[in-house]
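Trainee: My structure is in data_7.cif, and what it holds is mmCIF, C-alpha atoms:
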data_query
loop_
_atom_site.label_atom_id
_atom_site.label_comp_id
_atom_site.auth_asym_id
_atom_site.auth_seq_id
_atom_site.Cartn_x
_atom_site.Cartn_y
_atom_site.Cartn_z
CA MET A 1 0.00 0.00 0.00
CA ASP A 2 1.30 3.43 -0.95
CA ASN A 3 0.67 5.26 2.28
CA ARG A 4 3.09 7.82 3.61
CA ASN A 5 1.50 8.21 7.04
CA ALA A 6 0.10 4.79 7.90
CA ARG A 7 2.83 3.21 9.97
CA ASP A 8 2.91 -0.54 10.44
CA ASP A 9 2.14 -0.23 14.14
CA ASP A 10 -0.85 2.00 13.32
CA LEU A 11 -2.31 -0.43 10.79
CA ASP A 12 -1.75 -3.73 12.55
CA ARG A 13 -1.52 -2.98 16.26
CA PRO A 14 -3.83 -5.36 18.16
CA SER A 15 -6.55 -3.82 20.27
CA SER A 16 -6.42 -4.18 24.02
CA ARG A 17 -9.80 -5.88 23.60
CA ASP A 18 -8.44 -8.98 21.90
CA ALA A 19 -10.88 -11.04 19.83
CA ALA A 20 -10.46 -13.93 22.22
CA ASP A 21 -11.34 -11.75 25.18
CA GLY A 22 -14.27 -9.97 23.51
CA ILE A 23 -15.91 -6.74 24.58
CA ASP A 24 -15.72 -5.69 28.22
CA ASP A 25 -19.22 -6.90 29.03
CA ASP A 26 -18.85 -5.92 32.69
CA ALA A 27 -18.55 -2.27 31.71
CA GLY A 28 -21.12 -2.63 28.94
CA LEU A 29 -19.93 0.59 27.31
CA MET A 30 -18.31 1.76 24.11
CA GLN A 31 -17.07 5.05 22.72
CA ALA A 32 -18.44 6.71 19.58
CA VAL A 33 -18.38 10.04 17.77
CA HIS A 34 -21.58 12.12 17.82
CA PHE A 35 -22.81 15.54 16.76
CA ASP A 36 -25.91 17.33 18.05
CA ARG A 37 -26.16 20.16 15.52
CA TYR A 38 -25.10 20.80 11.95
CA GLY A 39 -21.94 22.80 11.49
CA ALA A 40 -18.17 22.83 11.19
CA PRO A 41 -16.01 19.82 12.11
CA GLU A 42 -15.86 21.04 15.70
CA VAL A 43 -19.46 19.87 16.27
CA LEU A 44 -18.11 16.30 16.42
CA TYR A 45 -17.48 15.01 19.92
CA PRO A 46 -16.77 11.66 21.63
CA ALA A 47 -19.49 10.08 23.72
CA VAL A 48 -19.83 6.94 25.83
CA LEU A 49 -22.76 4.69 24.93
CA PRO A 50 -24.12 1.32 26.01
CA LEU A 51 -22.81 -1.59 23.98
CA PRO A 52 -25.31 -2.63 21.31
CA GLU A 53 -26.43 -6.24 21.06
CA ALA A 54 -26.58 -8.14 17.79
CA ALA A 55 -30.24 -8.67 16.89
CA ARG A 56 -31.48 -11.61 14.86
CA GLY A 57 -29.72 -11.67 11.51
CA GLU A 58 -27.01 -9.27 12.69
CA LEU A 59 -23.34 -9.32 13.57
CA ARG A 60 -21.67 -7.18 16.19
CA VAL A 61 -18.28 -5.99 14.99
CA ARG A 62 -15.51 -4.45 17.05
CA VAL A 63 -14.38 -1.70 14.69
CA ARG A 64 -10.71 -1.32 13.85
CA ALA A 65 -10.97 1.24 11.03
CA ALA A 66 -13.63 3.47 9.49
CA GLY A 67 -13.34 5.39 6.23
CA VAL A 68 -14.11 9.12 6.11
CA GLN A 69 -16.15 10.12 3.06
CA PRO A 70 -17.58 13.30 1.52
CA ALA A 71 -21.00 11.88 2.46
CA ASP A 72 -19.98 12.15 6.12
CA ILE A 73 -19.12 15.80 5.56
CA ALA A 74 -22.44 16.46 3.83
CA ARG A 75 -24.40 14.94 6.70
CA ARG A 76 -22.42 16.76 9.39
CA ASN A 77 -22.58 20.22 7.80
CA GLY A 78 -26.30 19.95 7.03
CA ASP A 79 -26.01 19.70 3.25
CA PHE A 80 -27.91 16.40 3.21
CA ALA A 81 -30.69 17.88 5.33
CA ARG A 82 -30.96 20.93 3.06
CA ARG A 83 -31.38 18.54 0.12
CA GLY A 84 -34.11 16.61 1.93
CA ILE A 85 -31.97 13.57 2.78
CA ASP A 86 -32.90 12.40 6.30
CA ALA A 87 -33.95 15.97 7.02
CA ASP A 88 -36.06 14.86 9.98
CA ALA A 89 -33.32 12.77 11.62
CA ALA A 90 -33.16 13.39 15.35
CA PHE A 91 -30.05 14.59 17.19
CA PRO A 92 -27.60 13.46 18.34
CA GLN A 93 -26.51 11.78 15.12
CA ARG A 94 -23.62 9.51 14.24
CA LEU A 95 -21.45 9.16 11.15
CA GLY A 96 -19.56 6.50 9.24
CA TYR A 97 -20.71 4.28 6.37
CA GLU A 98 -17.75 1.92 5.86
CA PHE A 99 -15.70 -0.02 8.37
CA ALA A 100 -13.50 -3.01 9.07
CA GLY A 101 -13.22 -4.96 12.29
CA VAL A 102 -13.57 -8.23 14.19
CA VAL A 103 -16.81 -10.15 14.69
CA ASP A 104 -17.58 -10.10 18.39
CA GLN A 105 -21.15 -11.36 18.61
CA ILE A 106 -23.36 -13.36 16.25
CA GLY A 107 -27.11 -12.87 16.25
CA ASP A 108 -29.67 -15.64 15.96
CA GLY A 109 -30.12 -17.05 12.50
CA VAL A 110 -26.70 -15.99 11.20
CA ARG A 111 -24.59 -18.68 9.55
CA GLY A 112 -21.20 -18.63 7.91
CA TYR A 113 -19.42 -16.29 10.35
CA TYR A 114 -17.43 -16.98 13.50
CA HIS A 115 -16.25 -15.11 16.61
CA GLY A 116 -12.97 -13.34 15.97
CA GLN A 117 -13.43 -13.28 12.19
CA GLU A 118 -11.94 -10.23 10.45
CA VAL A 119 -14.46 -8.53 8.18
CA LEU A 120 -15.14 -5.35 6.25
CA GLY A 121 -18.44 -3.86 5.21
CA TRP A 122 -20.87 -0.97 5.26
CA CYS A 123 -23.61 0.38 7.49
CA ASP A 124 -26.26 3.11 7.47
CA GLY A 125 -24.23 5.35 9.77
CA GLY A 126 -22.43 4.83 13.06
CA ALA A 127 -19.09 3.35 12.01
CA TYR A 128 -17.19 6.10 13.87
CA ALA A 129 -17.33 3.91 16.97
CA GLU A 130 -15.63 1.11 18.83
CA VAL A 131 -18.52 -1.23 18.02
CA VAL A 132 -21.18 -1.44 15.32
CA THR A 133 -24.03 -3.88 14.68
CA VAL A 134 -25.01 -4.63 11.07
CA PRO A 135 -27.07 -7.13 9.11
CA ALA A 136 -24.82 -10.07 8.26
CA PRO A 137 -25.21 -9.58 4.46
CA GLN A 138 -23.44 -6.22 4.80
CA VAL A 139 -20.02 -7.67 5.59
CA VAL A 140 -17.53 -9.92 3.84
CA ALA A 141 -14.37 -11.63 5.05
CA LYS A 142 -11.22 -9.49 5.15
CA PRO A 143 -8.21 -11.09 3.46
CA PRO A 144 -5.33 -11.61 5.91
CA MET A 145 -2.95 -9.59 3.71
CA MET A 146 -5.24 -6.54 3.59
CA SER A 147 -4.34 -3.92 6.20
CA TRP A 148 -7.01 -2.58 8.53
CA ALA A 149 -6.71 0.90 7.03
CA VAL A 150 -7.31 -0.34 3.49
CA ALA A 151 -10.17 -2.57 4.63
CA GLY A 152 -11.85 0.34 6.38
CA ALA A 153 -11.50 2.54 3.30
CA LEU A 154 -12.71 0.21 0.57
CA SER A 155 -16.36 -0.66 0.95
CA ALA A 156 -18.49 2.42 0.35
CA SER A 157 -16.09 4.35 -1.90
CA GLY A 158 -15.28 1.29 -3.99
CA GLN A 159 -18.91 0.37 -4.49
CA THR A 160 -19.81 3.96 -5.34
CA ALA A 161 -17.24 3.88 -8.13
CA GLN A 162 -18.58 0.53 -9.37
CA VAL A 163 -22.18 1.76 -9.48
CA ALA A 164 -21.21 5.00 -11.21
CA LEU A 165 -19.31 3.28 -14.00
CA ARG A 166 -22.11 0.81 -14.54
CA ALA A 167 -24.72 3.59 -14.71
CA LEU A 168 -22.59 5.37 -17.32
CA ASN A 169 -22.00 2.12 -19.23
CA VAL A 170 -18.24 2.62 -19.32
CA GLY A 171 -16.43 0.03 -21.40
CA ARG A 172 -13.97 -0.77 -24.15
CA GLY A 173 -13.62 2.00 -26.70
CA ASP A 174 -14.69 4.76 -24.31
CA THR A 175 -12.61 7.76 -23.36
CA LEU A 176 -13.65 8.57 -19.80
CA LEU A 177 -12.95 11.90 -18.12
CA VAL A 178 -12.88 11.59 -14.32
CA HIS A 179 -13.14 14.93 -12.53
CA GLY A 180 -11.42 14.61 -9.15
CA ALA A 181 -9.55 11.49 -10.20
CA ALA A 182 -7.14 11.47 -7.24
CA GLY A 183 -9.84 11.28 -4.55
CA GLY A 184 -11.16 8.21 -2.79
CA VAL A 185 -13.87 7.37 -5.33
CA GLY A 186 -11.94 8.78 -8.27
CA THR A 187 -8.91 6.54 -7.81
CA ILE A 188 -11.09 3.42 -7.73
CA ALA A 189 -13.11 4.60 -10.74
CA VAL A 190 -9.92 5.15 -12.73
CA GLN A 191 -8.73 1.61 -12.08
CA LEU A 192 -12.08 -0.08 -12.70
CA ALA A 193 -12.54 1.83 -15.95
CA ARG A 194 -9.09 0.79 -17.13
CA LEU A 195 -9.92 -2.83 -16.27
CA ALA A 196 -13.08 -2.43 -18.39
CA GLY A 197 -10.94 -1.37 -21.36
CA ALA A 198 -11.59 2.38 -21.34
CA ARG A 199 -9.06 5.12 -21.86
CA VAL A 200 -9.10 7.38 -18.77
CA ILE A 201 -8.24 11.05 -18.47
CA GLY A 202 -8.19 12.28 -14.88
CA SER A 203 -8.32 15.85 -13.62
CA ALA A 204 -6.27 16.59 -10.52
CA SER A 205 -3.82 19.02 -9.01
CA ARG A 206 -0.35 18.90 -10.50
CA GLU A 207 1.18 17.14 -7.50
CA ASN A 208 -1.11 14.15 -8.10
CA HIS A 209 -0.33 13.69 -11.79
CA ALA A 210 2.49 11.19 -11.32
CA TYR A 211 0.28 9.16 -9.01
CA LEU A 212 -2.56 9.05 -11.54
CA ARG A 213 -0.16 7.75 -14.17
CA THR A 214 0.64 4.79 -11.93
CA LEU A 215 -3.08 3.96 -11.95
CA GLY A 216 -3.28 4.06 -15.73
CA ALA A 217 -4.86 7.49 -16.15
CA GLU A 218 -3.64 10.38 -18.29
CA PRO A 219 -3.60 13.35 -15.93
CA VAL A 220 -4.80 16.84 -16.75
CA LEU A 221 -4.70 19.93 -14.54
CA TYR A 222 -8.11 20.96 -13.21
CA GLY A 223 -9.32 24.56 -13.07
CA ASP A 224 -9.49 27.34 -15.65
CA GLY A 225 -8.61 26.07 -19.10
CA LEU A 226 -9.58 22.46 -18.36
CA VAL A 227 -11.68 22.12 -21.51
CA GLU A 228 -8.87 23.26 -23.76
CA ARG A 229 -6.35 21.00 -22.04
CA VAL A 230 -8.62 17.97 -22.42
CA ARG A 231 -9.22 18.75 -26.09
CA GLU A 232 -5.49 18.90 -26.65
CA LEU A 233 -5.02 15.57 -24.90
CA ALA A 234 -7.99 13.89 -26.63
CA PRO A 235 -8.65 15.64 -29.97
CA GLN A 236 -10.99 12.82 -30.97
CA GLY A 237 -13.25 13.75 -28.04
CA VAL A 238 -14.44 12.38 -24.71
CA SER A 239 -17.33 9.92 -24.71
CA VAL A 240 -18.23 9.79 -21.00
CA ALA A 241 -17.58 11.88 -17.89
CA LEU A 242 -17.74 11.20 -14.16
CA ASP A 243 -17.88 14.16 -11.78
CA ALA A 244 -16.37 13.34 -8.40
CA ALA A 245 -15.23 16.92 -7.76
CA GLY A 246 -17.93 19.51 -8.51
CA ARG A 247 -16.53 22.99 -9.24
CA GLY A 248 -17.98 23.31 -12.75
CA ALA A 249 -17.22 19.74 -13.84
CA ILE A 250 -20.64 19.22 -15.42
CA ALA A 251 -20.42 22.38 -17.50
CA ALA A 252 -16.91 21.43 -18.64
CA SER A 253 -18.12 17.96 -19.65
CA LEU A 254 -20.94 19.44 -21.71
CA ALA A 255 -18.52 21.87 -23.36
CA LEU A 256 -16.45 18.85 -24.42
CA GLY A 257 -19.48 17.48 -26.26
CA VAL A 258 -20.27 14.57 -23.94
CA ALA A 259 -23.90 13.43 -24.26
CA ARG A 260 -26.00 14.32 -21.21
CA GLU A 261 -26.94 10.69 -20.60
CA ARG A 262 -23.26 9.83 -20.32
CA ILE A 263 -22.39 12.50 -17.77
CA GLY A 264 -22.87 11.62 -14.13
CA SER A 265 -22.20 13.54 -10.94
CA LEU A 266 -21.60 12.10 -7.49
CA VAL A 267 -21.35 15.46 -5.76
CA ASP A 268 -23.34 18.15 -7.59
CA GLY A 269 -27.04 17.32 -7.29
CA ASP A 270 -28.17 20.85 -8.13
CA GLY A 271 -25.95 20.94 -11.22
CA ALA A 272 -27.18 17.52 -12.33
CA ARG A 273 -30.79 18.70 -12.18
CA GLU A 274 -30.01 22.00 -13.87
CA HIS A 275 -28.16 20.40 -16.80
CA GLY A 276 -30.21 17.23 -17.10
CA VAL A 277 -27.37 14.79 -16.44
CA LEU A 278 -27.29 11.73 -14.19
CA ARG A 279 -27.25 12.22 -10.42
CA LEU A 280 -25.29 9.22 -9.20
CA ARG A 281 -25.57 7.67 -5.74
CA GLY A 282 -23.73 4.82 -4.15
CA GLU A 283 -25.50 1.49 -3.72
CA CYS A 284 -24.05 -1.38 -1.73
CA ASP A 285 -24.24 -5.11 -2.36
CA ARG A 286 -22.27 -7.98 -0.86
CA ASP A 287 -21.41 -9.55 -4.22
CA ARG A 288 -20.14 -6.19 -5.45
CA LEU A 289 -17.93 -5.82 -2.39
CA ARG A 290 -16.63 -9.36 -2.76
CA HIS A 291 -15.63 -8.51 -6.33
CA LEU A 292 -13.64 -5.50 -5.13
CA VAL A 293 -11.91 -7.58 -2.47
CA ASP A 294 -11.07 -10.21 -5.08
CA LEU A 295 -9.54 -7.60 -7.35
CA TYR A 296 -7.45 -6.31 -4.45
CA GLU A 297 -6.30 -9.80 -3.49
CA HIS A 298 -5.14 -10.45 -7.05
CA GLY A 299 -3.20 -7.19 -7.25
CA ARG A 300 -5.55 -5.57 -9.74
CA LEU A 301 -6.87 -2.82 -7.45
CA HIS A 302 -4.85 -0.34 -5.41
CA VAL A 303 -6.30 1.51 -2.41
CA HIS A 304 -4.34 4.53 -1.25
CA VAL A 305 -4.77 5.71 2.34
CA ARG A 306 -3.18 9.11 2.59
CA GLU A 307 -3.80 9.81 6.28
CA ILE A 308 -4.99 8.06 9.40
CA TYR A 309 -6.31 9.60 12.62
CA PRO A 310 -7.40 8.23 15.98
CA LEU A 311 -11.16 7.89 16.33
CA ALA A 312 -11.39 10.85 18.71
CA HIS A 313 -9.75 13.09 16.10
CA ALA A 314 -12.68 12.81 13.71
CA ALA A 315 -12.94 16.60 13.48
CA VAL A 316 -9.33 16.81 12.25
CA ALA A 317 -10.04 14.08 9.72
CA HIS A 318 -13.06 16.00 8.45
CA ARG A 319 -11.01 19.16 8.02
CA ASP A 320 -8.52 17.12 6.02
CA VAL A 321 -11.20 15.76 3.68
CA GLU A 322 -12.83 19.18 3.32
CA THR A 323 -9.70 20.65 1.76
CA GLY A 324 -10.69 18.84 -1.44
CA HIS A 325 -7.03 18.07 -2.10
CA GLY A 326 -4.86 15.08 -1.40
CA ARG A 327 -5.12 11.64 -2.92
CA GLY A 328 -7.00 8.56 -1.83
CA LYS A 329 -8.75 8.08 1.49
CA VAL A 330 -8.66 9.36 5.05
CA VAL A 331 -9.30 6.71 7.71
CA LEU A 332 -10.14 6.72 11.41
CA MET A 333 -8.40 3.99 13.38
CA VAL A 334 -9.69 2.55 16.65
CA TYR A 335 -6.59 2.12 18.78
CA GLN A 336 -6.07 0.59 22.18
CA THR A 337 -8.26 2.11 24.82
CA GLY A 338 -5.27 3.75 26.50
CA ASP A 339 -4.15 5.68 23.41
CA SER A 340 -7.48 6.33 21.67
CA GLY A 341 -7.40 10.03 22.57
CA PHE A 342 -10.73 9.91 24.40
CA GLY A 343 -10.62 11.80 27.64
CA PRO A 344 -8.06 11.44 30.42
#
Could you write out this file's structure as structure tokens?
Mentor:
Amino acid sequence: MDNRNARDDDLDRPSSRDAADGIDDDAGLMQAVHFDRYGAPEVLYPAVLPLPEAARGELRVRVRAAGVQPADIARRNGDFARRGIDADAAFPQRLGYEFAGVVDQIGDGVRGYYHGQEVLGWCDGGAYAEVVTVPAPQVVAKPPMMSWAVAGALSASGQTAQVALRALNVGRGDTLLVHGAAGGVGTIAVQLARLAGARVIGSASRENHAYLRTLGAEPVLYGDGLVERVRELAPQGVSVALDAAGRGAIAASLALGVARERIGSLVDGDGAREHGVLRLRGECDRDRLRHLVDLYEHGRLHVHVREIYPLAHAAVAHRDVETGHGRGKVVLMVYQTGDSGFGP
């Protein structure tokens, strides 16, 4: 894994709550990140909650890593609510849609999993925590060679990229323009499109161009003059465009002559409605996640984790993601209780 800040001891350090020992049932408590109003990253705070129990059909997972996504930002700052997404959700709220960890409790009716099994998966929110309960079909086995940071970063972002490319029907013979190609979803989309036989042009800051080349993309500088630079790089034209960045990406795609039905945005819902292009949303499925894991195991998919933070530093992680720069994913790691950063 190309990861300048994820040290080996950060990625693989065992928790003080070893799988064999299980959760501290005597205490019956866990720590999680909450927010009780929309706003800046500082609204996030650590809280102590009762341990959840795995209901029928569920697994309880002791979280080791949780990916930080733009969707987390949109929920925290109120953008989702303004767009009518869970606008009536009560406070306090929790964040986190992708995670990796160790199965700690198995609900009635669940087969095929065992205590201590390492898994990765997705949830409907709440992965910024020491423990999460999820329906069993929302997790898959984590390969032993996959680091916790990568496992925590793969599920939601990887599946979002898969769904987007399928909706846009990207395949052999296409020239795909990925706006925001160095981000968490963008880097996966680049690689999956290349595996599908498409030529990929990726917009990014100049410092990420060499990285995009390693993924098989032809980099182009974003910002003013993007249309002209893409035309110079692809005089025959661009056939499909994926917006993972916003900032005028839809208008630029239209100016390049891409058909509206082959332009999709993951981040600009208002622009998608205004211009009549596809508004793309992530959808999760266990078979889809297994496919991503298989690609990773066979060396055909690279997941870059650019920064990791302790769980209690979720606000810092959000500020990092909000810069809109940097490559790959930001991940929250659940460390030993003594060094988690929660309280004294």
Trainee: Pick the closest to A:Arg62 from A:Ala156, A:Ile201, A:His209, A:Val334: which is it, counting only C-alpha atoms?
Mentor: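 Smallest distance to A:Arg62 is found for A:Val334.
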Trainee: Exactly which residues make up the result of the PyMOL selection byres ((chain A and resi 288) around 12) on this file, given as an MDAnalysis selection string?
Mentor: chainID A and resid 121:122 137:140 154:163 166 282:287 289:295
Trainee: Show me, as a PyMOL selection string, the residues that have an atom within 9 Å of stretch 240-256 of chain A when counting all atoms listed in the file, minus same-chain residues fewer than 4 positions from it.
Mentor: chain A and resi 164-165+168-170+174-181+183+185-186+189+223+226-228+230-231+260-268+271-272+275+277+324
Trainee: What residues come out when you apply the PyMOL selection byres ((chain A and resi 308) around 8) to this file, written as a list in words?
Mentor: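 That expression, the PyMOL selection byres ((chain A and resi 308) around 8), corresponds here to Asn5, Ala6, Ala149, Val305, Arg306, Glu307, Tyr309, Pro310, Ala317, Val330, Val331, Leu332 and Met333 of chain A.
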Trainee: Of the candidates A:Asp270, A:Glu130, A:Asp108, A:Asp88, which one gets nearest to A:Ala65 if we count only C-alpha atoms?
Mentor: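 When distances to A:Ala65 are compared using only C-alpha atoms, the smallest one comes from A:Glu130.
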Trainee: What gap, in Å, lies between atom CA of A:Ala210 and atom CA of A:Gln69?
Mentor: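 Here the two named atoms are 23.6 Å from each other.
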Trainee: Can you pull out the residues contacting A:Tyr296? Cut-off 10 Å, using only C-alpha atoms, and skip same-chain residues under 5 positions away; I want them as a list in words.
Mentor: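 What passes the distance filter is Pro143, Met145, Met146, Val150, Leu154, Arg290, His291, Leu301, His302 and Val303 of chain A.
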Trainee: Go ahead and compute the interatomic distance for atom CA of A:Gly257 and atom CA of A:Pro219, in Å to one decimal.
Mentor: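 Calculated distance between atom CA of A:Gly257 and atom CA of A:Pro219 is 19.4 Å.
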Trainee: Taking into account only C-alpha atoms, which residue in the set A:Arg60, A:Arg279, A:Arg229, A:Arg213 is nearest to A:Asp104?
Mentor: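 Under the stated criterion, the closest residue is A:Arg60.
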Trainee: Need the shell around stretch 78-85 of chain A: protein/DNA/RNA residues with any atom at most 10 Å away, counting all atoms listed in the file. Skip same-chain ones fewer than 6 positions apart. Format as a ChimeraX atom specification?
Mentor: /A:37-40,71-72,269-270
Trainee: Just checking: using all atoms listed in the file, which residue out of A:Pro46, A:Gly197, A:Gly57, A:Gly67 ends up closest to A:Gly107?
Mentor: A:Gly57
Trainee: If the PyMOL selection byres ((chain A and resi 123) around 7) were run on this exact file, what residues would it hold? Put them as a PyMOL selection string.
Mentor: chain A and resi 97-98+122+124-125+134
Trainee: Once you have the residues from the selection above, write them out as an mmCIF file, keeping the file's coordinate frame, restricted to C-alpha atoms.
Mentor:
data_model
loop_
_atom_site.group_PDB
_atom_site.id
_atom_site.type_symbol
_atom_site.label_atom_id
_atom_site.label_comp_id
_atom_site.auth_asym_id
_atom_site.auth_seq_id
_atom_site.Cartn_x
_atom_site.Cartn_y
_atom_site.Cartn_z
ATOM 1 C CA TYR A 97 -20.710 4.280 6.370
ATOM 2 C CA GLU A 98 -17.750 1.920 5.860
ATOM 3 C CA TRP A 122 -20.870 -0.970 5.260
ATOM 4 C CA ASP A 124 -26.260 3.110 7.470
ATOM 5 C CA GLY A 125 -24.230 5.350 9.770
ATOM 6 C CA VAL A 134 -25.010 -4.630 11.070
#
Trainee: Please provide the set of residues having any atom within 8 Å of A:Pro70, restricted to all atoms listed in the file, with same-chain residues fewer than 2 positions apart removed, written as a compact mmCIF listing (two decimals) with C-alpha atoms, in the coordinates of the input.
Mentor:
# COMPACT_ATOMS: atom_id res chain seq x y z
CA VAL A 68 -14.11 9.12 6.11
CA ASP A 72 -19.98 12.15 6.12
CA ILE A 73 -19.12 15.80 5.56
CA ALA A 74 -22.44 16.46 3.83
CA VAL A 321 -11.20 15.76 3.68
CA GLU A 322 -12.83 19.18 3.32
Trainee: How many Å lie between atom CA of A:Val33 and atom CA of A:His115, rounded to one decimal?
Mentor: 25.3 Å
Trainee: Which is closest to A:Tyr211 among A:Ala32, A:Ala315, A:Arg327, A:Gly101, if we use only C-alpha atoms?
Mentor: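 Selected residue with least distance to A:Tyr211: A:Arg327.
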Trainee: Which is closest to A:His325 among A:Ala127, A:Val119, A:Leu44, A:Ala182, if we use all atoms listed in the file?
Mentor: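 Result for the nearest residue to A:His325: A:Ala182.
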Trainee: Show me, as a PyMOL selection string, the residues that have an atom within 8 Å of A:Leu59 when counting only C-alpha atoms, minus same-chain residues fewer than 3 positions from it.
Mentor: chain A and resi 54-55+103-107+110+133-136
